[in-house]
file model.cif (mmCIF, C-alpha atoms)
data_protein
#
loop_
_atom_site.group_PDB
_atom_site.id
_atom_site.type_symbol
_atom_site.label_atom_id
_atom_site.label_comp_id
_atom_site.auth_asym_id
_atom_site.auth_seq_id
_atom_site.Cartn_x
_atom_site.Cartn_y
_atom_site.Cartn_z
ATOM 1 C CA MET A 1 30.097 42.685 -39.559
ATOM 2 C CA GLN A 2 33.580 43.767 -40.648
ATOM 3 C CA SER A 3 34.672 44.714 -37.139
ATOM 4 C CA GLY A 4 32.949 41.721 -35.548
ATOM 5 C CA ALA A 5 32.199 38.346 -37.131
ATOM 6 C CA LEU A 6 34.361 38.843 -40.231
ATOM 7 C CA LYS A 7 37.368 40.398 -38.494
ATOM 8 C CA GLY A 8 40.383 38.133 -38.365
ATOM 9 C CA LEU A 9 38.811 35.233 -40.244
ATOM 10 C CA PRO A 10 41.327 33.099 -42.106
ATOM 11 C CA ASP A 11 41.326 32.865 -45.893
ATOM 12 C CA VAL A 12 39.158 29.755 -46.293
ATOM 13 C CA ASP A 13 39.763 29.506 -50.029
ATOM 14 C CA ALA A 14 43.536 29.386 -49.490
ATOM 15 C CA ILE A 15 43.182 26.794 -46.713
ATOM 16 C CA ILE A 16 40.937 24.559 -48.794
ATOM 17 C CA ALA A 17 43.233 24.900 -51.812
ATOM 18 C CA LYS A 18 46.251 23.936 -49.718
ATOM 19 C CA ILE A 19 44.462 20.981 -48.112
ATOM 20 C CA SER A 20 43.048 19.753 -51.415
ATOM 21 C CA GLN A 21 46.481 19.932 -53.081
ATOM 22 C CA THR A 22 47.966 17.621 -50.452
ATOM 23 C CA GLY A 23 47.908 14.067 -51.741
ATOM 24 C CA ALA A 24 47.104 10.889 -49.812
ATOM 25 C CA SER A 25 50.803 10.458 -48.992
ATOM 26 C CA GLY A 26 50.837 13.890 -47.371
ATOM 27 C CA ALA A 27 53.072 15.388 -50.060
ATOM 28 C CA LYS A 28 51.833 18.176 -52.252
ATOM 29 C CA VAL A 29 51.172 17.117 -55.792
ATOM 30 C CA SER A 30 50.656 19.110 -58.922
ATOM 31 C CA PRO A 31 47.667 18.425 -61.190
ATOM 32 C CA LYS A 32 49.930 16.150 -63.277
ATOM 33 C CA GLY A 33 50.894 14.163 -60.172
ATOM 34 C CA SER A 34 54.504 15.309 -59.805
ATOM 35 C CA PRO A 35 55.519 16.279 -56.246
ATOM 36 C CA LYS A 36 55.861 19.963 -55.427
ATOM 37 C CA SER A 37 58.429 21.390 -53.073
ATOM 38 C CA LYS A 38 56.147 23.922 -51.377
ATOM 39 C CA LYS A 39 55.065 23.411 -47.793
ATOM 40 C CA GLU A 40 52.207 20.961 -47.377
ATOM 41 C CA ALA A 41 49.030 21.444 -45.354
ATOM 42 C CA GLY A 42 49.334 20.639 -41.681
ATOM 43 C CA LEU A 43 47.920 21.335 -38.238
ATOM 44 C CA LYS A 44 48.028 25.078 -38.884
ATOM 45 C CA GLU A 45 45.517 24.761 -41.723
ATOM 46 C CA VAL A 46 43.390 22.360 -39.670
ATOM 47 C CA PHE A 47 43.289 24.933 -36.859
ATOM 48 C CA GLN A 48 42.560 27.821 -39.243
ATOM 49 C CA LEU A 49 39.609 25.917 -40.699
ATOM 50 C CA TYR A 50 38.481 25.207 -37.126
ATOM 51 C CA THR A 51 38.644 28.954 -36.378
ATOM 52 C CA PHE A 52 36.449 29.645 -39.394
ATOM 53 C CA THR A 53 33.901 26.987 -38.426
ATOM 54 C CA LYS A 54 33.649 28.396 -34.893
ATOM 55 C CA SER A 55 32.857 31.831 -36.353
ATOM 56 C CA LEU A 56 29.837 30.615 -38.351
ATOM 57 C CA VAL A 57 27.470 31.035 -35.382
ATOM 58 C CA GLU A 58 28.727 34.584 -34.767
ATOM 59 C CA LEU A 59 28.379 35.341 -38.472
ATOM 60 C CA ARG A 60 24.805 34.036 -38.519
ATOM 61 C CA ASP A 61 23.915 36.039 -35.391
ATOM 62 C CA GLY A 62 25.367 39.181 -36.988
ATOM 63 C CA LEU A 63 23.258 38.665 -40.103
ATOM 64 C CA ILE A 64 20.129 38.144 -37.986
ATOM 65 C CA GLU A 65 20.868 41.379 -36.157
ATOM 66 C CA LEU A 66 21.237 43.249 -39.454
ATOM 67 C CA VAL A 67 17.934 41.839 -40.738
ATOM 68 C CA VAL A 68 16.099 42.787 -37.540
ATOM 69 C CA GLU A 69 17.585 46.302 -37.584
ATOM 70 C CA GLY A 70 16.601 46.714 -41.221
ATOM 71 C CA GLU A 71 13.065 45.488 -40.537
ATOM 72 C CA GLU A 72 12.633 47.879 -37.593
ATOM 73 C CA SER A 73 13.982 50.755 -39.663
ATOM 74 C CA SER A 74 11.563 49.954 -42.482
ATOM 75 C CA GLN A 75 8.591 49.785 -40.118
ATOM 76 C CA ASN A 76 9.559 53.111 -38.583
ATOM 77 C CA GLN A 77 9.714 54.689 -42.027
ATOM 78 C CA ASN A 78 6.299 53.314 -43.034
ATOM 79 C CA GLY A 79 4.757 54.419 -39.764
ATOM 80 C CA ASP A 80 1.729 52.169 -40.212
ATOM 81 C CA GLY A 81 3.550 48.831 -39.698
ATOM 82 C CA GLU A 82 2.483 47.568 -43.130
ATOM 83 C CA TYR A 83 4.221 44.566 -44.617
ATOM 84 C CA SER A 84 7.071 46.000 -46.637
ATOM 85 C CA HIS A 85 9.752 44.753 -48.926
ATOM 86 C CA MET A 86 11.817 44.151 -45.756
ATOM 87 C CA GLY A 87 9.560 41.212 -44.903
ATOM 88 C CA GLN A 88 10.413 39.673 -48.246
ATOM 89 C CA GLN A 89 14.091 40.435 -47.742
ATOM 90 C CA LYS A 90 13.974 38.818 -44.312
ATOM 91 C CA GLN A 91 12.458 35.644 -45.747
ATOM 92 C CA THR A 92 14.969 35.583 -48.584
ATOM 93 C CA THR A 93 17.863 36.189 -46.188
ATOM 94 C CA GLU A 94 16.604 33.407 -43.912
ATOM 95 C CA ARG A 95 16.241 30.969 -46.802
ATOM 96 C CA MET A 96 19.389 31.879 -48.749
ATOM 97 C CA LEU A 97 21.867 32.727 -45.965
ATOM 98 C CA LEU A 98 20.779 31.986 -42.419
ATOM 99 C CA ALA A 99 19.391 28.475 -42.851
ATOM 100 C CA PRO A 100 22.438 27.270 -44.856
ATOM 101 C CA LEU A 101 24.798 28.862 -42.301
ATOM 102 C CA LYS A 102 22.978 27.096 -39.462
ATOM 103 C CA GLU A 103 23.144 23.781 -41.317
ATOM 104 C CA LEU A 104 26.830 24.277 -42.100
ATOM 105 C CA ALA A 105 27.615 25.151 -38.464
ATOM 106 C CA GLU A 106 25.843 21.973 -37.314
ATOM 107 C CA LYS A 107 27.770 19.850 -39.815
ATOM 108 C CA PHE A 108 31.073 21.258 -38.569
ATOM 109 C CA GLN A 109 30.392 20.387 -34.911
ATOM 110 C CA VAL A 110 31.962 16.928 -35.279
ATOM 111 C CA TYR A 111 35.003 18.493 -36.978
ATOM 112 C CA GLN A 112 35.309 21.018 -34.138
ATOM 113 C CA GLN A 113 35.156 18.270 -31.513
ATOM 114 C CA LEU A 114 37.827 16.280 -33.349
ATOM 115 C CA VAL A 115 40.144 19.290 -33.578
ATOM 116 C CA GLU A 116 39.569 20.113 -29.892
ATOM 117 C CA HIS A 117 40.530 16.528 -29.037
ATOM 118 C CA VAL A 118 43.598 16.298 -31.274
ATOM 119 C CA ILE A 119 45.249 19.740 -31.052
ATOM 120 C CA ASP A 120 46.835 20.879 -27.789
ATOM 121 C CA PHE A 121 45.242 24.315 -27.331
ATOM 122 C CA ASN A 122 47.576 25.036 -24.400
ATOM 123 C CA GLN A 123 50.522 25.082 -26.824
ATOM 124 C CA LEU A 124 49.054 27.687 -29.220
ATOM 125 C CA PRO A 125 50.356 29.532 -31.212
ATOM 126 C CA ASP A 126 52.419 26.372 -31.812
ATOM 127 C CA TYR A 127 50.353 23.703 -33.564
ATOM 128 C CA VAL A 128 50.991 20.503 -31.646
ATOM 129 C CA VAL A 129 49.109 17.221 -31.347
ATOM 130 C CA ASN A 130 47.688 16.797 -27.849
ATOM 131 C CA ALA A 131 49.859 14.237 -26.034
ATOM 132 C CA GLN A 132 46.719 12.895 -24.310
ATOM 133 C CA PHE A 133 45.605 11.673 -27.740
ATOM 134 C CA ASP A 134 47.948 8.672 -27.642
ATOM 135 C CA ALA A 135 49.816 6.814 -24.876
ATOM 136 C CA GLY A 136 53.018 6.813 -26.961
ATOM 137 C CA LEU A 137 52.815 10.583 -27.457
ATOM 138 C CA LEU A 138 52.186 11.101 -23.748
ATOM 139 C CA GLU A 139 55.268 9.052 -22.887
ATOM 140 C CA LEU A 140 57.385 11.064 -25.340
ATOM 141 C CA LYS A 141 56.037 14.357 -23.974
ATOM 142 C CA GLU A 142 56.885 13.329 -20.407
ATOM 143 C CA GLU A 143 60.389 12.332 -21.537
ATOM 144 C CA LYS A 144 60.819 15.664 -23.339
ATOM 145 C CA ASP A 145 59.593 17.604 -20.280
ATOM 146 C CA ASP A 146 62.034 15.668 -18.068
ATOM 147 C CA LEU A 147 64.921 16.440 -20.429
ATOM 148 C CA ASN A 148 63.938 20.122 -20.488
ATOM 149 C CA ARG A 149 63.926 20.251 -16.678
ATOM 150 C CA LYS A 150 67.380 18.616 -16.579
ATOM 151 C CA ALA A 151 68.739 21.004 -19.229
ATOM 152 C CA HIS A 152 67.446 24.036 -17.317
ATOM 153 C CA GLY A 153 68.984 22.649 -14.103
ATOM 154 C CA ILE A 154 72.361 22.195 -15.782
ATOM 155 C CA LEU A 155 72.147 25.706 -17.229
ATOM 156 C CA ARG A 156 71.301 27.243 -13.831
ATOM 157 C CA THR A 157 74.258 25.407 -12.259
ATOM 158 C CA ALA A 158 76.594 26.577 -15.034
ATOM 159 C CA GLN A 159 75.333 30.172 -14.806
ATOM 160 C CA SER A 160 75.823 30.311 -11.045
ATOM 161 C CA THR A 161 79.230 28.608 -11.196
ATOM 162 C CA TYR A 162 80.858 30.185 -14.244
ATOM 163 C CA ALA A 163 80.601 33.878 -15.072
ATOM 164 C CA SER A 164 81.051 33.155 -18.786
ATOM 165 C CA PHE A 165 77.713 31.263 -18.772
ATOM 166 C CA ALA A 166 75.726 34.257 -17.469
ATOM 167 C CA ASP A 167 74.429 35.178 -20.930
ATOM 168 C CA VAL A 168 73.874 31.605 -22.167
ATOM 169 C CA LYS A 169 70.241 30.688 -22.759
ATOM 170 C CA LEU A 170 68.491 27.524 -23.851
ATOM 171 C CA ASP A 171 66.783 27.715 -27.198
ATOM 172 C CA SER A 172 64.530 25.178 -28.815
ATOM 173 C CA SER A 173 63.340 25.273 -32.383
ATOM 174 C CA GLY A 174 60.721 22.608 -31.647
ATOM 175 C CA VAL A 175 61.685 20.802 -34.841
ATOM 176 C CA SER A 176 63.670 17.596 -35.066
ATOM 177 C CA ARG A 177 66.051 16.765 -37.855
ATOM 178 C CA SER A 178 63.277 14.783 -39.494
ATOM 179 C CA GLY A 179 61.068 17.875 -39.568
ATOM 180 C CA LEU A 180 58.581 16.543 -37.012
ATOM 181 C CA VAL A 181 57.336 18.906 -34.332
ATOM 182 C CA TYR A 182 58.245 17.825 -30.831
ATOM 183 C CA LEU A 183 55.602 17.672 -28.186
#
call {"tool": "encode", "arguments": {"input": "model.cif", "output": "structure tokens"}}
result
Amino acid sequence: MQSGALKGLPDVDAIIAKISQTGASGAKVSPKGSPKSKKEAGLKEVFQLYTFTKSLVELRDGLIELVVEGEESSQNQNGDGEYSHMGQQKQTTERMLLAPLKELAEKFQVYQQLVEHVIDFNQLPDYVVNAQFDAGLLELKEEKDDLNRKAHGILRTAQSTYASFADVKLDSSGVSRSGLVYL
């Protein structure tokens, strides 16, 4: 389980705490209601929670495999195939872990679909809203892409014309002065 289903899972408690501390205005608030200066929850936390929800099926399958292995091992030890304490453990595991995990995974399917629709997975590891989500965003993305092409063209011309431009490179932080992530 540690090298499979549990490996690389995000810290769900930290994600939930960060999301729950973000107020309706989007700004973090302390329990007393005064704004905090720490970074607020954003698309990164949404994606991390998505990653966790996608792993629930793998986690459930891993637990089923462990239960089956344990049951087979117990039957081999008994030799006569008698009902052992493993049968009780299997039922308890099914009732206490597997059934709730299955139910939780089903409940998160709508969340997963929403995240897959809103986040542009082609831009990962950058967390960007999919431009297809909104006509205005799509228009801005096309404008940004056009400006990038023009900037690269100007740079290529400068590099081929002037030797002093040979080491000049375009760099983009992806963040505007307002702190919004560009598409």
call {"tool": "atom_distance", "arguments": {"input": "model.cif", "atom1": "CA of His117 in chain A", "atom2": "CA of Asp13 in chain A"}}
result
24.7 Å
call {"tool": "closest_residue", "arguments": {"input": "model.cif", "among": "A:Glu69, A:Asp167, A:Asp145, A:Glu103", "to": "Val57 in chain A", "atoms": "only C-alpha atoms"}}
result
A:Glu103
call {"tool": "closest_residue", "arguments": {"input": "model.cif", "among": "A:Gly62, A:Glu40, A:Asn130, A:Gly136", "to": "Leu98 in chain A", "atoms": "only C-alpha atoms"}}
result
A:Gly62
call {"tool": "residues_around", "arguments": {"input": "model.cif", "residues": "Tyr111 in chain A", "least_positions_apart": "4", "cutoff": "10 Å", "atoms": "all atoms listed in the file", "output": "list in words"}}
result
Val46, Leu49, Tyr50, Thr53, Glu106, Lys107, Val115, Glu116 and His117 of chain A
call {"tool": "residues_around", "arguments": {"input": "model.cif", "residues": "Ala131 in chain A", "least_positions_apart": "6", "cutoff": "10 Å", "atoms": "all atoms listed in the file", "output": "ChimeraX atom specification"}}
result
/A:118-120,137-142,183
call {"tool": "closest_residue", "arguments": {"input": "model.cif", "among": "A:Ala17, A:Met1, A:Lys150, A:Leu124", "to": "Ile64 in chain A", "atoms": "only C-alpha atoms"}}
result
A:Met1
call {"tool": "atom_distance", "arguments": {"input": "model.cif", "atom1": "CA of Leu59 in chain A", "atom2": "CA of Gln91 in chain A"}}
result
17.5 Å
call {"tool": "closest_residue", "arguments": {"input": "model.cif", "among": "A:Leu6, A:Ala105, A:Ala135, A:Ile19", "to": "Lys44 in chain A", "atoms": "all atoms listed in the file"}}
result
A:Ile19
call {"tool": "atom_distance", "arguments": {"input": "model.cif", "atom1": "CA of Asn122 in chain A", "atom2": "CA of Asp146 in chain A"}}
result
18.4 Å
call {"tool": "axis_aligned_box", "arguments": {"input": "model.cif", "around": "range 121-129 of chain A", "padding_each_side": "3 Å", "output": "JSON"}}
result
{"center_x": 48.8, "center_y": 23.4, "center_z": -29.0, "size_x": 13.2, "size_y": 18.3, "size_z": 15.2}
call {"tool": "resolve_selection", "arguments": {"input": "model.cif", "expression": "the PyMOL selection byres ((chain A and resi 7) around 12)", "output": "VMD selection string"}}
result
chain A and resid 1 to 6 8 to 11 51 to 52 55 58 to 59
call {"tool": "closest_residue", "arguments": {"input": "model.cif", "among": "A:Val68, A:Ala41, A:Ala14, A:Leu104", "to": "Leu56 in chain A", "atoms": "all atoms listed in the file"}}
result
A:Leu104
call {"tool": "closest_residue", "arguments": {"input": "model.cif", "among": "A:Met96, A:Gln112, A:Gln21, A:Lys102", "to": "Asp61 in chain A", "atoms": "all atoms listed in the file"}}
result
A:Lys102
